[in-house]
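Visitor: Got a file for you: model16.txt, compact mmCIF, C-alpha atoms.
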```
# COMPACT_ATOMS: atom_id res chain seq x y z
CA MET A 2 0.00 0.00 0.00
CA VAL A 3 1.21 3.51 -0.83
CA PRO A 4 1.89 5.64 2.30
CA VAL A 5 -0.61 8.49 2.65
CA THR A 6 2.25 10.96 3.04
CA ALA A 7 3.41 10.00 -0.46
CA LEU A 8 0.06 10.76 -2.09
CA PRO A 9 0.07 13.77 -4.45
CA LEU A 10 -3.64 14.49 -4.03
CA THR A 11 -5.05 17.92 -4.87
CA GLU A 12 -8.56 19.35 -4.73
CA VAL A 13 -8.79 21.05 -8.13
CA HIS A 14 -12.43 22.08 -7.74
CA PRO A 15 -14.85 21.70 -4.83
CA ALA A 16 -15.51 17.95 -4.51
CA VAL A 17 -13.09 17.04 -7.30
CA TRP A 18 -9.74 15.54 -6.30
CA LEU A 19 -6.88 14.91 -8.69
CA LEU A 20 -4.54 12.05 -7.82
CA ASP A 21 -1.17 12.07 -9.56
CA VAL A 22 -0.60 8.39 -10.33
CA ASP A 23 3.09 8.82 -11.20
CA GLN A 24 2.38 7.64 -14.71
CA PHE A 25 5.39 6.37 -16.62
CA GLY A 26 7.40 6.83 -13.44
CA ALA A 27 7.22 10.62 -13.51
CA PRO A 28 5.13 13.22 -11.67
CA ARG A 29 2.39 15.29 -13.32
CA GLN A 30 2.08 13.06 -16.37
CA GLY A 31 -1.18 11.25 -15.65
CA GLY A 32 -3.99 11.45 -13.15
CA VAL A 33 -7.18 9.92 -11.88
CA TYR A 34 -10.01 12.17 -10.69
CA ILE A 35 -11.91 11.21 -7.53
CA LEU A 36 -15.42 12.59 -7.00
CA PRO A 37 -16.53 11.80 -3.43
CA GLY A 38 -20.24 11.35 -2.82
CA LYS A 39 -23.10 8.88 -3.12
CA PRO A 40 -21.96 7.22 -5.25
CA THR A 41 -18.30 8.11 -5.37
CA ALA A 42 -16.90 8.09 -8.89
CA LEU A 43 -13.50 7.85 -10.48
CA VAL A 44 -12.71 9.41 -13.83
CA GLU A 45 -10.07 7.17 -15.40
CA ALA A 46 -8.40 4.11 -13.93
CA GLY A 47 -4.78 4.77 -14.88
CA THR A 48 -2.50 1.86 -15.67
CA SER A 49 -2.53 -1.32 -13.60
CA LEU A 50 0.51 0.10 -11.79
CA ALA A 51 -1.68 2.82 -10.25
CA ARG A 52 -4.05 0.52 -8.35
CA ASP A 53 -2.50 0.71 -4.88
CA ARG A 54 -2.09 4.46 -5.10
CA ILE A 55 -5.77 4.90 -6.03
CA LEU A 56 -6.92 2.64 -3.20
CA ALA A 57 -4.72 4.55 -0.76
CA ALA A 58 -6.21 7.85 -1.95
CA LEU A 59 -9.75 6.56 -1.38
CA ALA A 60 -8.81 5.51 2.15
CA HIS A 61 -7.17 8.88 2.81
CA LEU A 62 -10.36 10.68 1.74
CA GLY A 63 -12.42 8.43 4.02
CA ILE A 64 -14.19 6.73 1.11
CA ALA A 65 -15.18 3.10 1.67
CA ARG A 66 -14.42 0.85 -1.26
CA GLU A 67 -18.05 -0.25 -1.48
CA ASP A 68 -19.13 3.40 -1.92
CA VAL A 69 -17.44 3.67 -5.31
CA GLY A 70 -20.16 3.22 -7.90
CA TRP A 71 -18.55 4.21 -11.19
CA ILE A 72 -15.24 4.26 -12.98
CA PHE A 73 -15.72 6.60 -15.95
CA LEU A 74 -13.24 5.66 -18.68
CA THR A 75 -12.63 8.23 -21.38
CA HIS A 76 -11.22 5.51 -23.63
CA ILE A 77 -9.58 2.11 -23.49
CA HIS A 78 -5.90 2.94 -24.00
CA LEU A 79 -3.91 1.37 -21.19
CA ASP A 80 -2.86 4.64 -19.56
CA HIS A 81 -6.57 5.39 -19.02
CA ALA A 82 -8.26 1.99 -18.65
CA GLY A 83 -5.48 -0.52 -18.00
CA GLY A 84 -6.15 -0.50 -14.27
CA ALA A 85 -9.92 -0.93 -14.53
CA GLY A 86 -9.99 -4.73 -14.18
CA GLY A 87 -7.74 -4.72 -11.12
CA LEU A 88 -9.66 -1.88 -9.46
CA LEU A 89 -13.01 -3.58 -9.98
CA GLN A 90 -11.68 -6.57 -8.05
CA GLU A 91 -11.22 -4.22 -5.06
CA LEU A 92 -14.34 -2.04 -5.52
CA PRO A 93 -17.25 -4.48 -5.19
CA GLN A 94 -20.09 -2.13 -6.20
CA ALA A 95 -18.37 -0.30 -9.02
CA ARG A 96 -18.98 -0.58 -12.74
CA ALA A 97 -16.82 0.78 -15.52
CA VAL A 98 -18.43 3.13 -18.02
CA VAL A 99 -17.05 2.78 -21.53
CA HIS A 100 -17.80 3.66 -25.16
CA ALA A 101 -19.66 0.98 -27.10
CA ARG A 102 -16.72 0.58 -29.48
CA GLY A 103 -14.34 -0.20 -26.63
CA ALA A 104 -16.32 -2.55 -24.41
CA ARG A 105 -15.34 -5.85 -25.99
CA HIS A 106 -11.65 -4.97 -25.75
CA LEU A 107 -11.96 -4.63 -21.98
CA VAL A 108 -13.65 -8.02 -21.69
CA ASP A 109 -10.92 -9.60 -23.83
CA PRO A 110 -7.93 -7.23 -23.81
CA ALA A 111 -5.51 -9.35 -25.86
CA ARG A 112 -5.78 -7.29 -29.07
CA LEU A 113 -5.75 -4.03 -27.13
CA VAL A 114 -2.57 -4.96 -25.26
CA ALA A 115 -0.91 -6.04 -28.51
CA SER A 116 -1.84 -2.71 -30.13
CA VAL A 117 -0.39 -0.73 -27.23
CA ARG A 118 2.75 -2.86 -27.29
CA GLU A 119 3.23 -2.00 -30.97
CA ALA A 120 2.53 1.71 -30.46
CA ALA A 121 4.52 2.18 -27.25
CA ARG A 122 7.51 -0.01 -28.25
CA ASP A 123 10.27 0.28 -25.64
CA ARG A 124 7.94 2.20 -23.30
CA PHE A 125 5.47 -0.67 -23.09
CA PRO A 126 6.59 -1.91 -19.61
CA LEU A 127 5.51 1.46 -18.22
CA TYR A 128 1.90 0.61 -19.14
CA GLY A 129 1.67 -2.37 -16.78
CA THR A 130 -0.69 -5.25 -17.44
CA MET A 131 -4.44 -5.43 -18.02
CA ASP A 132 -6.87 -7.75 -16.26
CA PRO A 133 -10.07 -8.55 -18.17
CA VAL A 134 -13.21 -6.73 -17.04
CA PRO A 135 -16.23 -9.00 -16.48
CA ALA A 136 -18.96 -8.07 -18.96
CA GLY A 137 -21.42 -7.72 -16.08
CA ARG A 138 -19.26 -4.97 -14.54
CA LEU A 139 -19.36 -2.83 -17.70
CA HIS A 140 -21.85 -0.12 -18.59
CA VAL A 141 -21.86 0.90 -22.25
CA ALA A 142 -22.60 4.63 -22.33
CA GLN A 143 -24.92 6.25 -24.82
CA ASP A 144 -24.06 9.70 -26.15
CA GLY A 145 -25.77 12.19 -23.84
CA GLU A 146 -26.44 9.66 -21.08
CA VAL A 147 -26.31 11.22 -17.61
CA PHE A 148 -24.87 9.53 -14.53
CA PRO A 149 -24.72 10.50 -10.84
CA GLY A 150 -21.08 10.86 -9.89
CA GLY A 151 -19.96 12.38 -6.62
CA ARG A 152 -21.93 15.61 -6.19
CA PHE A 153 -22.39 16.00 -9.93
CA ARG A 154 -24.42 14.77 -12.84
CA LEU A 155 -21.95 13.65 -15.50
CA ARG A 156 -23.00 13.57 -19.13
CA ALA A 157 -21.21 11.23 -21.52
CA VAL A 158 -20.16 13.01 -24.72
CA ASP A 159 -19.13 11.02 -27.79
CA ALA A 160 -15.72 12.47 -28.68
CA PRO A 161 -13.95 10.57 -31.49
CA GLY A 162 -10.71 11.66 -33.11
CA HIS A 163 -7.97 10.66 -30.72
CA ALA A 164 -9.63 7.25 -30.91
CA PRO A 165 -13.04 6.15 -32.19
CA HIS A 166 -13.92 4.84 -28.72
CA HIS A 167 -13.36 8.13 -26.89
CA LEU A 168 -15.80 9.76 -24.49
CA CYS A 169 -15.56 12.99 -22.56
CA TYR A 170 -17.61 13.65 -19.45
CA PHE A 171 -19.32 16.97 -18.74
CA ALA A 172 -20.48 17.93 -15.27
CA ASP A 173 -23.75 19.74 -15.88
CA GLY A 174 -24.30 22.71 -13.59
CA GLU A 175 -20.60 23.15 -12.80
CA SER A 176 -19.55 23.11 -16.48
CA LEU A 177 -16.51 20.93 -15.83
CA LEU A 178 -15.19 18.99 -18.81
CA PHE A 179 -13.13 15.85 -18.25
CA THR A 180 -11.21 15.80 -21.51
CA GLY A 181 -9.33 12.49 -21.59
CA ASP A 182 -7.07 12.92 -24.62
CA ALA A 183 -9.58 14.71 -26.86
CA VAL A 184 -7.90 18.08 -26.21
CA GLY A 185 -4.36 16.71 -26.25
CA LEU A 186 -1.81 16.60 -23.46
CA TYR A 187 -1.36 19.58 -21.14
CA LEU A 188 2.01 19.00 -19.53
CA GLY A 189 3.92 21.64 -17.65
CA GLY A 190 1.73 24.36 -19.15
CA VAL A 191 2.49 23.14 -22.69
CA LEU A 192 -0.26 21.83 -24.97
CA LEU A 193 0.96 18.84 -26.99
CA PRO A 194 -0.71 16.77 -29.72
CA SER A 195 -2.09 13.39 -28.74
CA THR A 196 -2.34 11.83 -32.19
CA VAL A 197 -1.32 8.28 -31.37
CA PRO A 198 -1.77 5.18 -33.50
CA PRO A 199 -3.69 3.28 -34.60
CA ARG A 200 -6.87 5.35 -35.19
CA PHE A 201 -6.14 9.08 -34.97
CA ASP A 202 -8.48 11.03 -37.27
CA LEU A 203 -7.92 14.77 -37.82
CA GLU A 204 -11.37 15.60 -39.15
CA ALA A 205 -13.12 13.72 -36.35
CA SER A 206 -10.88 15.46 -33.79
CA LEU A 207 -11.74 18.90 -35.11
CA ALA A 208 -15.46 18.09 -35.14
CA THR A 209 -15.16 16.89 -31.53
CA LEU A 210 -13.42 20.10 -30.49
CA ARG A 211 -16.25 22.14 -32.00
CA ARG A 212 -18.78 20.04 -30.11
CA LEU A 213 -16.89 20.41 -26.84
CA ALA A 214 -16.64 24.17 -27.32
CA ASP A 215 -20.41 24.32 -27.77
CA LEU A 216 -20.77 22.93 -24.24
CA ASP A 217 -19.19 26.19 -23.02
CA PRO A 218 -17.11 24.59 -20.24
CA ARG A 219 -15.69 26.74 -17.48
CA LEU A 220 -12.82 24.41 -16.65
CA LEU A 221 -11.03 21.65 -18.54
CA LEU A 222 -9.77 18.70 -16.49
CA PHE A 223 -7.03 16.88 -18.38
CA THR A 224 -5.99 13.32 -17.61
CA HIS A 225 -2.51 14.44 -18.72
CA PHE A 226 -2.49 16.63 -16.60
CA GLY A 227 -4.72 18.72 -14.39
CA PRO A 228 -6.95 21.76 -14.83
CA GLY A 229 -6.75 24.10 -17.80
CA SER A 230 -8.68 27.06 -19.17
CA PRO A 231 -11.40 26.71 -21.83
CA ASP A 232 -9.34 28.63 -24.40
CA LEU A 233 -7.19 25.51 -24.75
CA LEU A 234 -10.00 24.09 -26.90
CA SER A 235 -9.44 26.72 -29.59
CA GLN A 236 -5.67 26.46 -29.17
CA TYR A 237 -5.81 22.73 -29.80
CA ALA A 238 -8.05 23.24 -32.82
CA ARG A 239 -5.29 25.40 -34.32
CA LEU A 240 -2.45 23.16 -33.17
CA LEU A 241 -3.74 19.91 -34.69
CA PRO A 242 -3.84 20.90 -38.40
CA ALA A 243 -0.47 22.62 -38.07
CA TRP A 244 1.00 19.51 -36.42
CA VAL A 245 -0.33 17.21 -39.15
CA GLU A 246 1.04 19.53 -41.82
CA ARG A 247 4.43 19.65 -40.11
CA VAL A 248 4.68 15.86 -40.22
CA ARG A 249 3.41 15.80 -43.79
CA GLN A 250 6.01 18.28 -45.00
CA LEU A 251 8.91 16.62 -43.20
CA GLY A 252 7.76 13.26 -44.54
CA ARG A 253 7.96 14.21 -48.19
CA GLY A 254 10.52 12.17 -50.04
CA PRO A 255 12.14 8.80 -49.32
CA VAL A 256 12.51 9.08 -45.54
CA ALA A 257 12.37 5.99 -43.33
CA GLU A 258 9.67 6.20 -40.67
CA GLU A 259 11.99 6.11 -37.67
CA GLU A 260 14.23 8.77 -39.22
CA LEU A 261 11.18 10.96 -39.68
CA VAL A 262 10.00 10.38 -36.12
CA ALA A 263 13.46 11.28 -34.78
CA SER A 264 13.61 14.36 -37.01
CA VAL A 265 10.23 15.72 -35.91
CA VAL A 266 10.94 15.12 -32.22
CA ALA A 267 14.40 16.70 -32.49
CA GLU A 268 12.96 19.75 -34.22
CA ALA A 269 10.30 20.12 -31.53
CA ALA A 270 12.99 19.85 -28.84
CA ARG A 271 15.08 22.57 -30.52
CA GLU A 272 12.04 24.83 -30.57
CA GLY A 273 11.46 24.26 -26.85
CA LEU A 274 8.11 22.54 -27.43
CA ILE A 275 8.78 19.49 -25.24
CA PRO A 276 8.43 19.96 -21.47
CA PRO A 277 10.57 17.98 -19.01
CA GLY A 278 9.59 14.36 -18.40
CA PRO A 279 8.63 11.57 -20.77
CA ALA A 280 6.95 13.91 -23.29
CA ARG A 281 9.57 13.08 -25.92
CA GLY A 282 8.18 9.53 -26.06
CA ASP A 283 4.62 10.87 -26.23
CA LEU A 284 5.58 13.05 -29.18
CA ALA A 285 7.22 10.14 -31.00
CA MET A 286 3.97 8.19 -30.70
CA ALA A 287 2.07 11.24 -31.92
CA VAL A 288 4.23 11.36 -35.06
CA ARG A 289 3.53 7.70 -35.78
CA GLY A 290 -0.19 8.31 -35.37
CA VAL A 291 -0.14 11.12 -37.91
CA LEU A 292 1.83 8.96 -40.35
CA GLY A 293 -0.83 6.27 -40.07
CA TYR A 294 -3.57 8.85 -40.64
CA LEU A 295 -1.80 10.23 -43.71
CA ARG A 296 -1.27 6.77 -45.16
CA GLN A 297 -4.93 6.00 -44.77
CA ARG A 298 -6.14 9.34 -46.18
CA GLU A 299 -3.59 10.02 -48.88
CA GLY A 300 -1.67 6.86 -49.51
CA THR A 301 1.48 8.85 -48.72
CA ALA A 302 3.82 9.70 -45.85
```
Here is the file; what I need is its structure written in the form of structure tokens.
Guide:
Amino acid sequence: MVPVTALPLTEVHPAVWLLDVDQFGAPRQGGVYILPGKPTALVEAGTSLARDRILAALAHLGIAREDVGWIFLTHIHLDHAGGAGGLLQELPQARAVVHARGARHLVDPARLVASVREAARDRFPLYGTMDPVPAGRLHVAQDGEVFPGGRFRLRAVDAPGHAPHHLCYFADGESLLFTGDAVGLYLGGVLLPSTVPPRFDLEASLATLRRLADLDPRLLLFTHFGPGSPDLLSQYARLLPAWVERVRQLGRGPVAEEELVASVVAEAAREGLIPPGPARGDLAMAVRGVLGYLRQREGTA
């Protein structure tokens, strides 16, 4: 069990706690939101490596394990949902909320784990393992469905682009938007593209950003990492096309994929666009995701 004194736990809004789960072995890279109440809810599950830290945070906040009713997953990538199966073994009343296109991959995660292994490459051990989620412990969310979570009513918002199985969650009344990866990574005050393989889609991402802006949120709550202002929605809508075009231009000509990835990341580092921590690896994955998108759309890259 993680010592309480070691818990980086911050109240980022009344009745919303952000737990830094030390994702990828570094601080302020990934979080899980805890919403105390009846029922208590978690937004995200982190990797399987985060389980003990999450359980310790619940105990520190005085939340009984049986009071947790929901684990709201923004999508099924292992840094968001990899810990769901293990947590559900410890939280007897909880169910995991997931997009319809992701549910079967939580019940049988073999293909999902293989996909993450291919995308993450040498970083894969940092993602932990993934226990299957029993089908009876899953709730497939409908777009617009509203759930009680903590002191809020959370509305599921279909948000494809980063992945086709992506949801955001909007706290009606408080206008809080849990963004997952739909608005990119917000690390050290720097907004970075989250365009990872295998299913990044630029047009779907931009449509999602318009839809999220129409919700008129007052505060964005990033999984990676923490609170951010609503103007980051428009910033990300400008960043994404420019990022895709950057990769497209650098990829013209007979350049091997790994050379291109190294070139784009090195250029971003020279321009001071990569904050401290493991963001260099995140950016390399983002380049590969754009290359896959361009191959699908244009037959090039």
Visitor: Would you compute the distance between atom CA of A:Leu178 and atom CA of A:Pro218? Give it in Å to one decimal.
Guide: 6.1 Å
Visitor: Measuring atom to atom with all atoms listed in the file, identify which of A:Ala157, A:Leu8, A:Leu240, A:Ala120 is nearest to A:Phe73.
Guide: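 Closest candidate: A:Ala157.
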Visitor: Mind giving me the straight-line distance from atom CA of A:Val266 to atom CA of A:Asp123 in Å, one decimal?
Guide: 16.2 Å
Visitor: Suppose you want the space between atom CA of A:Ala101 and atom CA of A:His166; what is it in Å?
Guide: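 Value for the atom CA of A:Ala101-atom CA of A:His166 distance: 7.1 Å.
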Visitor: May I ask which of the residues A:Pro242, A:Gly174, A:Gly86, A:Pro279 is the closest one to A:Leu127, counting only C-alpha atoms?
Guide: A:Pro279
Visitor: Given only C-alpha atoms as the basis, pick out the residue of A:Leu222, A:Ile64, A:Ala51, A:Ala121 nearest to A:Tyr34.
Guide: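 With only C-alpha atoms as the atom set, the closest residue is A:Leu222.
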Visitor: Considering only C-alpha atoms, can you say which of A:Arg96, A:Arg112, A:Arg212, A:His167 comes closest to A:His140?
Guide: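 Closest to A:His140, using only C-alpha atoms: A:Arg96.
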Visitor: Quick one: of A:Ala243, A:Ile275, A:Leu56, A:Val69, who's nearest to A:Pro93, counting only C-alpha atoms?
Guide: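 Under the stated criterion, the closest residue is A:Val69.
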